[in-house]
>>> print(open('entry-v2.pdb').read())   # PDB, C-alpha atoms
ATOM      1  CA  MET A   1      10.103 -26.872  26.631  1.00  0.00           C
ATOM      2  CA  THR A   2      13.390 -27.952  28.220  1.00  0.00           C
ATOM      3  CA  PRO A   3      13.419 -29.502  31.723  1.00  0.00           C
ATOM      4  CA  GLU A   4      15.138 -26.348  33.027  1.00  0.00           C
ATOM      5  CA  LEU A   5      12.330 -24.146  31.690  1.00  0.00           C
ATOM      6  CA  THR A   6       9.760 -26.524  33.193  1.00  0.00           C
ATOM      7  CA  ALA A   7      11.544 -26.149  36.531  1.00  0.00           C
ATOM      8  CA  LEU A   8      11.358 -22.358  36.114  1.00  0.00           C
ATOM      9  CA  VAL A   9       7.604 -22.588  35.476  1.00  0.00           C
ATOM     10  CA  LEU A  10       7.157 -24.697  38.594  1.00  0.00           C
ATOM     11  CA  ALA A  11       9.391 -22.398  40.682  1.00  0.00           C
ATOM     12  CA  ALA A  12       7.315 -19.372  39.624  1.00  0.00           C
ATOM     13  CA  LEU A  13       4.061 -21.210  40.372  1.00  0.00           C
ATOM     14  CA  LEU A  14       5.526 -22.209  43.740  1.00  0.00           C
ATOM     15  CA  GLN A  15       6.165 -18.526  44.473  1.00  0.00           C
ATOM     16  CA  ILE A  16       2.574 -17.682  43.560  1.00  0.00           C
ATOM     17  CA  CYS A  17       1.416 -20.405  45.977  1.00  0.00           C
ATOM     18  CA  GLN A  18       3.727 -18.938  48.637  1.00  0.00           C
ATOM     19  CA  PHE A  19       2.156 -15.536  48.084  1.00  0.00           C
ATOM     20  CA  VAL A  20      -1.340 -17.001  48.546  1.00  0.00           C
ATOM     21  CA  LEU A  21      -0.244 -18.813  51.712  1.00  0.00           C
ATOM     22  CA  PHE A  22       1.353 -15.634  53.098  1.00  0.00           C
ATOM     23  CA  SER A  23      -1.623 -13.487  52.137  1.00  0.00           C
ATOM     24  CA  VAL A  24      -4.155 -15.784  53.818  1.00  0.00           C
ATOM     25  CA  LEU A  25      -2.105 -16.152  57.014  1.00  0.00           C
ATOM     26  CA  ALA A  26      -1.287 -12.416  57.174  1.00  0.00           C
ATOM     27  CA  GLN A  27      -4.870 -11.281  56.592  1.00  0.00           C
ATOM     28  CA  ARG A  28      -6.076 -13.645  59.299  1.00  0.00           C
ATOM     29  CA  GLN A  29      -3.657 -11.894  61.649  1.00  0.00           C
ATOM     30  CA  VAL A  30      -4.001  -8.193  60.749  1.00  0.00           C
ATOM     31  CA  GLY A  31      -7.339  -8.253  58.911  1.00  0.00           C
ATOM     32  CA  PRO A  32      -8.077  -7.376  55.288  1.00  0.00           C
ATOM     33  CA  LYS A  33      -8.695  -3.720  56.163  1.00  0.00           C
ATOM     34  CA  TYR A  34      -5.136  -3.155  57.362  1.00  0.00           C
ATOM     35  CA  ALA A  35      -3.761  -5.206  54.456  1.00  0.00           C
ATOM     36  CA  ALA A  36      -5.532  -2.939  51.934  1.00  0.00           C
ATOM     37  CA  SER A  37      -4.512   0.259  53.748  1.00  0.00           C
ATOM     38  CA  PRO A  38      -1.211   2.037  52.937  1.00  0.00           C
ATOM     39  CA  ARG A  39       0.220   0.392  56.120  1.00  0.00           C
ATOM     40  CA  ASP A  40       1.648   3.643  57.476  1.00  0.00           C
ATOM     41  CA  THR A  41       1.916   2.136  60.961  1.00  0.00           C
ATOM     42  CA  PRO A  42       4.145  -0.898  60.475  1.00  0.00           C
ATOM     43  CA  ARG A  43       2.833  -4.132  61.956  1.00  0.00           C
ATOM     44  CA  GLN A  44       5.197  -6.989  62.599  1.00  0.00           C
ATOM     45  CA  LEU A  45       3.670 -10.302  61.580  1.00  0.00           C
ATOM     46  CA  THR A  46       4.209 -13.042  64.149  1.00  0.00           C
ATOM     47  CA  GLY A  47       3.982 -16.842  64.212  1.00  0.00           C
ATOM     48  CA  TYR A  48       3.134 -18.692  61.025  1.00  0.00           C
ATOM     49  CA  ALA A  49       2.248 -15.483  59.148  1.00  0.00           C
ATOM     50  CA  GLY A  50       5.667 -13.965  59.877  1.00  0.00           C
ATOM     51  CA  ARG A  51       7.418 -17.178  58.909  1.00  0.00           C
ATOM     52  CA  ALA A  52       5.443 -17.448  55.669  1.00  0.00           C
ATOM     53  CA  GLN A  53       6.355 -13.825  54.863  1.00  0.00           C
ATOM     54  CA  ARG A  54      10.069 -14.389  55.505  1.00  0.00           C
ATOM     55  CA  ALA A  55      10.028 -17.628  53.485  1.00  0.00           C
ATOM     56  CA  MET A  56       8.323 -15.829  50.570  1.00  0.00           C
ATOM     57  CA  ASN A  57      10.733 -12.878  50.680  1.00  0.00           C
ATOM     58  CA  ASN A  58      13.668 -15.272  50.706  1.00  0.00           C
ATOM     59  CA  HIS A  59      12.343 -17.048  47.649  1.00  0.00           C
ATOM     60  CA  PHE A  60      11.963 -13.726  45.785  1.00  0.00           C
ATOM     61  CA  GLU A  61      15.731 -13.303  46.234  1.00  0.00           C
ATOM     62  CA  GLY A  62      16.608 -16.858  45.237  1.00  0.00           C
ATOM     63  CA  LEU A  63      14.183 -16.936  42.327  1.00  0.00           C
ATOM     64  CA  ILE A  64      15.873 -13.996  40.558  1.00  0.00           C
ATOM     65  CA  LEU A  65      19.243 -15.766  40.570  1.00  0.00           C
ATOM     66  CA  PHE A  66      17.623 -19.019  39.431  1.00  0.00           C
ATOM     67  CA  THR A  67      15.910 -17.140  36.582  1.00  0.00           C
ATOM     68  CA  ILE A  68      19.283 -15.784  35.468  1.00  0.00           C
ATOM     69  CA  ALA A  69      20.779 -19.288  35.641  1.00  0.00           C
ATOM     70  CA  VAL A  70      17.978 -20.859  33.571  1.00  0.00           C
ATOM     71  CA  VAL A  71      18.028 -18.052  30.986  1.00  0.00           C
ATOM     72  CA  ALA A  72      21.835 -18.272  30.727  1.00  0.00           C
ATOM     73  CA  VAL A  73      22.056 -22.057  30.231  1.00  0.00           C
ATOM     74  CA  THR A  74      19.118 -22.019  27.808  1.00  0.00           C
ATOM     75  CA  TYR A  75      20.377 -19.115  25.686  1.00  0.00           C
ATOM     76  CA  ALA A  76      23.962 -20.385  25.706  1.00  0.00           C
ATOM     77  CA  ASP A  77      22.716 -23.853  24.742  1.00  0.00           C
ATOM     78  CA  GLN A  78      24.608 -25.347  27.670  1.00  0.00           C
ATOM     79  CA  THR A  79      21.847 -27.580  28.967  1.00  0.00           C
ATOM     80  CA  SER A  80      23.013 -31.012  30.131  1.00  0.00           C
ATOM     81  CA  ALA A  81      22.136 -33.785  32.565  1.00  0.00           C
ATOM     82  CA  LEU A  82      23.957 -31.725  35.203  1.00  0.00           C
ATOM     83  CA  THR A  83      21.894 -28.579  34.651  1.00  0.00           C
ATOM     84  CA  VAL A  84      18.662 -30.633  34.703  1.00  0.00           C
ATOM     85  CA  LEU A  85      19.739 -32.192  37.983  1.00  0.00           C
ATOM     86  CA  CYS A  86      20.557 -28.748  39.406  1.00  0.00           C
ATOM     87  CA  ALA A  87      17.193 -27.335  38.316  1.00  0.00           C
ATOM     88  CA  LEU A  88      15.407 -30.232  40.017  1.00  0.00           C
ATOM     89  CA  ALA A  89      17.562 -29.833  43.141  1.00  0.00           C
ATOM     90  CA  TYR A  90      16.680 -26.120  43.251  1.00  0.00           C
ATOM     91  CA  LEU A  91      12.977 -26.872  42.932  1.00  0.00           C
ATOM     92  CA  GLY A  92      13.089 -29.594  45.599  1.00  0.00           C
ATOM     93  CA  ALA A  93      15.040 -27.352  47.963  1.00  0.00           C
ATOM     94  CA  ARG A  94      12.668 -24.408  47.568  1.00  0.00           C
ATOM     95  CA  LEU A  95       9.673 -26.690  48.091  1.00  0.00           C
ATOM     96  CA  LEU A  96      11.154 -28.110  51.314  1.00  0.00           C
ATOM     97  CA  TYR A  97      12.175 -24.621  52.432  1.00  0.00           C
ATOM     98  CA  ILE A  98       8.535 -23.702  53.120  1.00  0.00           C
ATOM     99  CA  PRO A  99       7.745 -26.375  55.754  1.00  0.00           C
ATOM    100  CA  ALA A 100      11.313 -25.962  57.054  1.00  0.00           C
ATOM    101  CA  TYR A 101      10.526 -22.302  57.815  1.00  0.00           C
ATOM    102  CA  LEU A 102       6.927 -22.777  58.942  1.00  0.00           C
ATOM    103  CA  PHE A 103       7.763 -25.591  61.370  1.00  0.00           C
ATOM    104  CA  GLY A 104      11.175 -24.264  62.409  1.00  0.00           C
ATOM    105  CA  TRP A 105      13.374 -27.118  61.238  1.00  0.00           C
ATOM    106  CA  ALA A 106      16.748 -25.833  62.485  1.00  0.00           C
ATOM    107  CA  PRO A 107      19.420 -26.115  61.206  1.00  0.00           C
ATOM    108  CA  TRP A 108      17.842 -27.949  58.255  1.00  0.00           C
ATOM    109  CA  ARG A 109      16.259 -24.844  56.803  1.00  0.00           C
ATOM    110  CA  SER A 110      19.692 -23.263  56.343  1.00  0.00           C
ATOM    111  CA  LEU A 111      21.066 -26.445  54.748  1.00  0.00           C
ATOM    112  CA  ILE A 112      18.079 -26.621  52.387  1.00  0.00           C
ATOM    113  CA  TRP A 113      18.694 -22.969  51.471  1.00  0.00           C
ATOM    114  CA  VAL A 114      22.353 -23.758  50.699  1.00  0.00           C
ATOM    115  CA  VAL A 115      21.287 -26.615  48.369  1.00  0.00           C
ATOM    116  CA  GLY A 116      19.204 -24.138  46.348  1.00  0.00           C
ATOM    117  CA  LEU A 117      22.043 -21.610  46.178  1.00  0.00           C
ATOM    118  CA  VAL A 118      24.684 -24.200  45.199  1.00  0.00           C
ATOM    119  CA  ALA A 119      22.393 -25.656  42.508  1.00  0.00           C
ATOM    120  CA  THR A 120      21.955 -22.154  41.070  1.00  0.00           C
ATOM    121  CA  ALA A 121      25.696 -21.441  41.217  1.00  0.00           C
ATOM    122  CA  VAL A 122      26.546 -24.715  39.437  1.00  0.00           C
ATOM    123  CA  MET A 123      24.100 -23.842  36.644  1.00  0.00           C
ATOM    124  CA  LEU A 124      25.644 -20.388  36.260  1.00  0.00           C
ATOM    125  CA  VAL A 125      29.145 -21.878  36.022  1.00  0.00           C
ATOM    126  CA  ALA A 126      27.874 -24.550  33.588  1.00  0.00           C
ATOM    127  CA  ALA A 127      26.581 -21.753  31.341  1.00  0.00           C
ATOM    128  CA  LEU A 128      30.145 -20.423  31.039  1.00  0.00           C
ATOM    129  CA  PHE A 129      31.785 -23.645  29.856  1.00  0.00           C
TER     130      PHE A 129
ATOM    131  CA  MET B 130      10.334  -6.893  19.260  1.00  0.00           C
ATOM    132  CA  SER B 131       7.286  -8.796  20.464  1.00  0.00           C
ATOM    133  CA  PRO B 132       4.616  -6.976  22.536  1.00  0.00           C
ATOM    134  CA  GLU B 133       5.713  -9.028  25.553  1.00  0.00           C
ATOM    135  CA  LEU B 134       9.354  -7.883  25.263  1.00  0.00           C
ATOM    136  CA  ALA B 135       8.220  -4.297  24.690  1.00  0.00           C
ATOM    137  CA  ALA B 136       6.145  -4.596  27.865  1.00  0.00           C
ATOM    138  CA  LEU B 137       9.249  -5.823  29.721  1.00  0.00           C
ATOM    139  CA  ALA B 138      11.143  -2.738  28.534  1.00  0.00           C
ATOM    140  CA  ALA B 139       8.243  -0.515  29.634  1.00  0.00           C
ATOM    141  CA  THR B 140       8.299  -2.226  33.056  1.00  0.00           C
ATOM    142  CA  ALA B 141      11.988  -1.364  33.440  1.00  0.00           C
ATOM    143  CA  PHE B 142      11.093   2.302  32.817  1.00  0.00           C
ATOM    144  CA  ILE B 143       8.351   2.117  35.461  1.00  0.00           C
ATOM    145  CA  GLN B 144      10.965   0.746  37.858  1.00  0.00           C
ATOM    146  CA  LEU B 145      13.184   3.713  36.963  1.00  0.00           C
ATOM    147  CA  ALA B 146      10.289   6.107  37.587  1.00  0.00           C
ATOM    148  CA  ALA B 147       9.658   4.440  40.960  1.00  0.00           C
ATOM    149  CA  VAL B 148      13.311   4.856  41.922  1.00  0.00           C
ATOM    150  CA  LEU B 149      13.392   8.514  40.843  1.00  0.00           C
ATOM    151  CA  TRP B 150      10.117   9.357  42.602  1.00  0.00           C
ATOM    152  CA  SER B 151      11.089   7.679  45.888  1.00  0.00           C
ATOM    153  CA  GLN B 152      14.567   9.233  45.714  1.00  0.00           C
ATOM    154  CA  ARG B 153      13.095  12.703  45.274  1.00  0.00           C
ATOM    155  CA  ALA B 154      10.854  12.178  48.299  1.00  0.00           C
ATOM    156  CA  LEU B 155      13.775  10.794  50.303  1.00  0.00           C
ATOM    157  CA  GLU B 156      15.971  13.805  49.533  1.00  0.00           C
ATOM    158  CA  ALA B 157      13.124  16.125  50.500  1.00  0.00           C
ATOM    159  CA  ASP B 158      13.172  14.450  53.952  1.00  0.00           C
ATOM    160  CA  ILE B 159      16.864  14.020  54.709  1.00  0.00           C
ATOM    161  CA  GLY B 160      18.650  16.025  52.023  1.00  0.00           C
ATOM    162  CA  HIS B 161      21.250  15.024  49.491  1.00  0.00           C
ATOM    163  CA  ASP B 162      23.906  14.397  52.165  1.00  0.00           C
ATOM    164  CA  GLY B 163      21.544  12.109  54.070  1.00  0.00           C
ATOM    165  CA  ASN B 164      20.887  10.191  50.865  1.00  0.00           C
ATOM    166  CA  THR B 165      24.538   9.677  49.964  1.00  0.00           C
ATOM    167  CA  GLY B 166      25.426   8.885  53.597  1.00  0.00           C
ATOM    168  CA  THR B 167      25.233   5.418  55.159  1.00  0.00           C
ATOM    169  CA  ARG B 168      21.553   5.825  56.140  1.00  0.00           C
ATOM    170  CA  GLU B 169      21.722   4.679  59.777  1.00  0.00           C
ATOM    171  CA  GLY B 170      18.297   4.786  61.445  1.00  0.00           C
ATOM    172  CA  LEU B 171      16.766   5.764  58.135  1.00  0.00           C
ATOM    173  CA  ASP B 172      13.173   4.758  58.855  1.00  0.00           C
ATOM    174  CA  ASP B 173      12.841   7.180  61.779  1.00  0.00           C
ATOM    175  CA  ARG B 174      13.828  10.130  59.577  1.00  0.00           C
ATOM    176  CA  LEU B 175      11.499   9.528  56.634  1.00  0.00           C
ATOM    177  CA  SER B 176       8.026  10.927  56.117  1.00  0.00           C
ATOM    178  CA  GLU B 177       4.960   8.744  55.652  1.00  0.00           C
ATOM    179  CA  HIS B 178       4.868   9.702  51.963  1.00  0.00           C
ATOM    180  CA  THR B 179       8.467   8.595  51.367  1.00  0.00           C
ATOM    181  CA  LYS B 180       7.944   5.324  53.202  1.00  0.00           C
ATOM    182  CA  ARG B 181       4.900   4.589  51.034  1.00  0.00           C
ATOM    183  CA  LEU B 182       6.966   5.167  47.888  1.00  0.00           C
ATOM    184  CA  ARG B 183       9.724   2.932  49.214  1.00  0.00           C
ATOM    185  CA  ARG B 184       7.229   0.140  49.941  1.00  0.00           C
ATOM    186  CA  ALA B 185       5.771   0.566  46.458  1.00  0.00           C
ATOM    187  CA  LEU B 186       9.267   0.336  44.963  1.00  0.00           C
ATOM    188  CA  ALA B 187      10.070  -2.793  47.005  1.00  0.00           C
ATOM    189  CA  ASN B 188       6.828  -4.372  45.829  1.00  0.00           C
ATOM    190  CA  HIS B 189       7.627  -3.488  42.235  1.00  0.00           C
ATOM    191  CA  THR B 190      11.074  -5.090  42.531  1.00  0.00           C
ATOM    192  CA  GLU B 191       9.444  -8.327  43.703  1.00  0.00           C
ATOM    193  CA  ASN B 192       6.846  -8.381  40.961  1.00  0.00           C
ATOM    194  CA  ILE B 193       9.263  -7.513  38.177  1.00  0.00           C
ATOM    195  CA  GLY B 194      11.024 -10.823  38.964  1.00  0.00           C
ATOM    196  CA  LEU B 195       7.864 -12.829  38.313  1.00  0.00           C
ATOM    197  CA  PHE B 196       7.184 -10.794  35.175  1.00  0.00           C
ATOM    198  CA  ILE B 197      10.690 -11.462  33.800  1.00  0.00           C
ATOM    199  CA  ILE B 198      10.046 -15.194  34.273  1.00  0.00           C
ATOM    200  CA  ALA B 199       6.675 -14.895  32.530  1.00  0.00           C
ATOM    201  CA  VAL B 200       8.142 -13.012  29.526  1.00  0.00           C
ATOM    202  CA  VAL B 201      11.177 -15.305  29.237  1.00  0.00           C
ATOM    203  CA  LEU B 202       8.954 -18.408  29.305  1.00  0.00           C
ATOM    204  CA  VAL B 203       6.572 -17.034  26.667  1.00  0.00           C
ATOM    205  CA  GLU B 204       9.490 -16.034  24.401  1.00  0.00           C
ATOM    206  CA  PHE B 205      11.465 -19.268  24.800  1.00  0.00           C
ATOM    207  CA  THR B 206       8.443 -21.460  24.131  1.00  0.00           C
ATOM    208  CA  ALA B 207       7.184 -19.141  21.355  1.00  0.00           C
ATOM    209  CA  SER B 208       3.779 -19.056  23.065  1.00  0.00           C
ATOM    210  CA  ASN B 209       3.140 -15.443  22.017  1.00  0.00           C
ATOM    211  CA  GLY B 210      -0.482 -14.700  21.244  1.00  0.00           C
ATOM    212  CA  TRP B 211      -3.106 -12.084  21.914  1.00  0.00           C
ATOM    213  CA  ILE B 212      -3.652 -13.402  25.442  1.00  0.00           C
ATOM    214  CA  THR B 213       0.028 -13.116  26.424  1.00  0.00           C
ATOM    215  CA  GLY B 214       0.368  -9.706  24.737  1.00  0.00           C
ATOM    216  CA  LEU B 215      -2.731  -8.413  26.497  1.00  0.00           C
ATOM    217  CA  ALA B 216      -1.648  -9.839  29.854  1.00  0.00           C
ATOM    218  CA  ALA B 217       1.807  -8.266  29.480  1.00  0.00           C
ATOM    219  CA  TRP B 218       0.363  -4.802  28.881  1.00  0.00           C
ATOM    220  CA  ILE B 219      -2.209  -5.182  31.661  1.00  0.00           C
ATOM    221  CA  PHE B 220       0.813  -5.869  33.884  1.00  0.00           C
ATOM    222  CA  VAL B 221       2.488  -2.659  32.678  1.00  0.00           C
ATOM    223  CA  ALA B 222      -0.664  -0.598  33.257  1.00  0.00           C
ATOM    224  CA  ALA B 223      -1.206  -2.151  36.692  1.00  0.00           C
ATOM    225  CA  ARG B 224       2.361  -1.512  37.814  1.00  0.00           C
ATOM    226  CA  ALA B 225       2.261   2.086  36.534  1.00  0.00           C
ATOM    227  CA  LEU B 226      -0.974   2.709  38.479  1.00  0.00           C
ATOM    228  CA  TYR B 227       0.390   0.947  41.564  1.00  0.00           C
ATOM    229  CA  LEU B 228       2.775   3.823  42.349  1.00  0.00           C
ATOM    230  CA  PRO B 229       0.146   6.596  42.695  1.00  0.00           C
ATOM    231  CA  ALA B 230      -2.216   4.056  44.287  1.00  0.00           C
ATOM    232  CA  TYR B 231       0.293   3.526  47.086  1.00  0.00           C
ATOM    233  CA  ALA B 232       1.483   7.131  47.330  1.00  0.00           C
ATOM    234  CA  PHE B 233      -2.034   8.561  47.569  1.00  0.00           C
ATOM    235  CA  GLY B 234      -3.581   5.678  49.516  1.00  0.00           C
ATOM    236  CA  TRP B 235      -6.220   4.520  47.033  1.00  0.00           C
ATOM    237  CA  VAL B 236      -7.983   1.898  49.159  1.00  0.00           C
ATOM    238  CA  PRO B 237      -8.912  -0.795  48.205  1.00  0.00           C
ATOM    239  CA  TRP B 238      -7.806  -0.075  44.616  1.00  0.00           C
ATOM    240  CA  ARG B 239      -4.139  -0.589  45.340  1.00  0.00           C
ATOM    241  CA  SER B 240      -4.846  -4.222  46.206  1.00  0.00           C
ATOM    242  CA  VAL B 241      -7.049  -4.631  43.132  1.00  0.00           C
ATOM    243  CA  ILE B 242      -4.309  -3.149  40.924  1.00  0.00           C
ATOM    244  CA  PHE B 243      -1.732  -5.443  42.519  1.00  0.00           C
ATOM    245  CA  MET B 244      -3.901  -8.493  41.832  1.00  0.00           C
ATOM    246  CA  ALA B 245      -4.345  -7.442  38.174  1.00  0.00           C
ATOM    247  CA  GLY B 246      -0.563  -7.405  37.691  1.00  0.00           C
ATOM    248  CA  PHE B 247      -0.016 -10.586  39.687  1.00  0.00           C
ATOM    249  CA  LEU B 248      -2.689 -12.512  37.769  1.00  0.00           C
ATOM    250  CA  SER B 249      -1.283 -11.268  34.447  1.00  0.00           C
ATOM    251  CA  CYS B 250       2.035 -12.970  35.285  1.00  0.00           C
ATOM    252  CA  PHE B 251       0.146 -16.130  36.243  1.00  0.00           C
ATOM    253  CA  VAL B 252      -1.778 -16.140  32.945  1.00  0.00           C
ATOM    254  CA  MET B 253       1.436 -15.712  30.927  1.00  0.00           C
ATOM    255  CA  ILE B 254       3.232 -18.510  32.804  1.00  0.00           C
ATOM    256  CA  ILE B 255       0.299 -20.877  32.291  1.00  0.00           C
ATOM    257  CA  ALA B 256       0.081 -19.851  28.604  1.00  0.00           C
ATOM    258  CA  SER B 257       3.742 -20.825  28.135  1.00  0.00           C
ATOM    259  CA  VAL B 258       2.951 -24.371  29.284  1.00  0.00           C
ATOM    260  CA  PHE B 259       0.214 -24.986  26.714  1.00  0.00           C
TER     261      PHE B 259
END
>>> encode(input="entry-v2.pdb", output="structure tokens")
Amino acid sequence: MTPELTALVLAALLQICQFVLFSVLAQRQVGPKYAASPRDTPRQLTGYAGRAQRAMNNHFEGLILFTIAVVAVTYADQTSALTVLCALAYLGARLLYIPAYLFGWAPWRSLIWVVGLVATAVMLVAALF
Amino acid sequence: MSPELAALAATAFIQLAAVLWSQRALEADIGHDGNTGTREGLDDRLSEHTKRLRRALANHTENIGLFIIAVVLVEFTASNGWITGLAAWIFVAARALYLPAYAFGWVPWRSVIFMAGFLSCFVMIIASVF
């Protein structure tokens, strides 16, 4: 397994952990009965539960692009020290993004998010050349 | 084509079915012109049934991402085996059942079905590591 694929494994496991965190915090707020219902009356999550939900949803978006980047560099055989570094930077950024959202580190959360996006973009460009 | 890749193709068709179903419900609420318009204040104009289908579709879009990762990892590492094949098709079955479970309010089965699909991805990702 290449380092980029290992980073993809860890990023996916991180997202599963984020789901568990969100699920626990959300169910403590709205109760398991509402969570299992079809949720016809929308309920806005607040506090830590809302932040955990927004952080998780953001990672769903970022994770898709990162998946494309890892698949592209791996298939195209364009892995290098640079793409390994980018994959690690992505992973580190997405890990830090969680406490940054939960504890409201502004403007650091946005900067951390940019690191993840730039790392993904560099990998995508690296796959082309 | 491995069973895992076939399952990925099947998942794409479930996504298509989810889009078509929710689109049909949406057009029943606001008509074809409302659908092709810019959808301002959309939520207030949709029925409960349509909103359920749209939430189910959004959930499917999220989970398909994790499943793509799981399939890609299994294929790249050549970790295919009966466990990954079984998990992949449990995912397909779970996601197919998830749509009616949401639309018709099968409580608590919708959550159980979701967990079956979610855990299948987890099993495949872990299998790719070993």
>>> resolve_selection(input="entry-v2.pdb", expression="the ChimeraX specification (/A :<8) & /B", output="list in words")
Glu177, Lys180, Arg181, Glu191, Gly194, Leu195, Ile198, Val201, Leu202, Phe205, Thr206, Tyr231, Gly234, Val236, Pro237, Arg239, Ser240, Phe251, Ile254 and Val258 of chain B
>>> write_last_selection(input="entry-v2.pdb", atoms="C-alpha atoms", output="short mmCIF file (atom, residue, chain, number, x, y, z; two decimals), keeping the file's coordinate frame")
data_model
loop_
_atom_site.label_atom_id
_atom_site.label_comp_id
_atom_site.auth_asym_id
_atom_site.auth_seq_id
_atom_site.Cartn_x
_atom_site.Cartn_y
_atom_site.Cartn_z
CA GLU B 177 4.96 8.74 55.65
CA LYS B 180 7.94 5.32 53.20
CA ARG B 181 4.90 4.59 51.03
CA GLU B 191 9.44 -8.33 43.70
CA GLY B 194 11.02 -10.82 38.96
CA LEU B 195 7.86 -12.83 38.31
CA ILE B 198 10.05 -15.19 34.27
CA VAL B 201 11.18 -15.30 29.24
CA LEU B 202 8.95 -18.41 29.30
CA PHE B 205 11.46 -19.27 24.80
CA THR B 206 8.44 -21.46 24.13
CA TYR B 231 0.29 3.53 47.09
CA GLY B 234 -3.58 5.68 49.52
CA VAL B 236 -7.98 1.90 49.16
CA PRO B 237 -8.91 -0.80 48.20
CA ARG B 239 -4.14 -0.59 45.34
CA SER B 240 -4.85 -4.22 46.21
CA PHE B 251 0.15 -16.13 36.24
CA ILE B 254 3.23 -18.51 32.80
CA VAL B 258 2.95 -24.37 29.28
#
>>> closest_residue(input="entry-v2.pdb", among="B:Ser176, B:Ser208, B:Ser249, B:Ser257", to="Ala232 (chain B)", atoms="all atoms listed in the file")
B:Ser176
>>> resolve_selection(input="entry-v2.pdb", expression="the PyMOL selection byres ((chain A and resi 50) around 10)", output="list in words")
Phe22, Leu25, Ala26, Gln29, Gln44, Leu45, Thr46, Gly47, Tyr48, Ala49, Arg51, Ala52, Gln53, Arg54, Ala55, Met56, Tyr101 and Leu102 of chain A
>>> residues_around(input="entry-v2.pdb", residues="Val200 (chain B)", least_positions_apart="6", cutoff="8 Å", atoms="all atoms listed in the file", output="list in words")
Glu133, Leu134, Leu137, Ala217 and Met253 of chain B
>>> atom_distance(input="entry-v2.pdb", atom1="CA of Val221 (chain B)", atom2="CA of Ala72 (chain A)")
24.9 Å
>>> residues_around(input="entry-v2.pdb", residues="Ala69 (chain A)", least_positions_apart="4", cutoff="12 Å", atoms="all atoms listed in the file", output="PyMOL selection string")
(chain A and resi 4-5+7-8+62-65+73-79+83-84+86-87+90+116-128) or (chain B and resi 198)
>>> closest_residue(input="entry-v2.pdb", among="B:Leu248, B:Ala256, B:Ala135, B:Leu186", to="Phe220 (chain B)", atoms="all atoms listed in the file")
B:Leu248
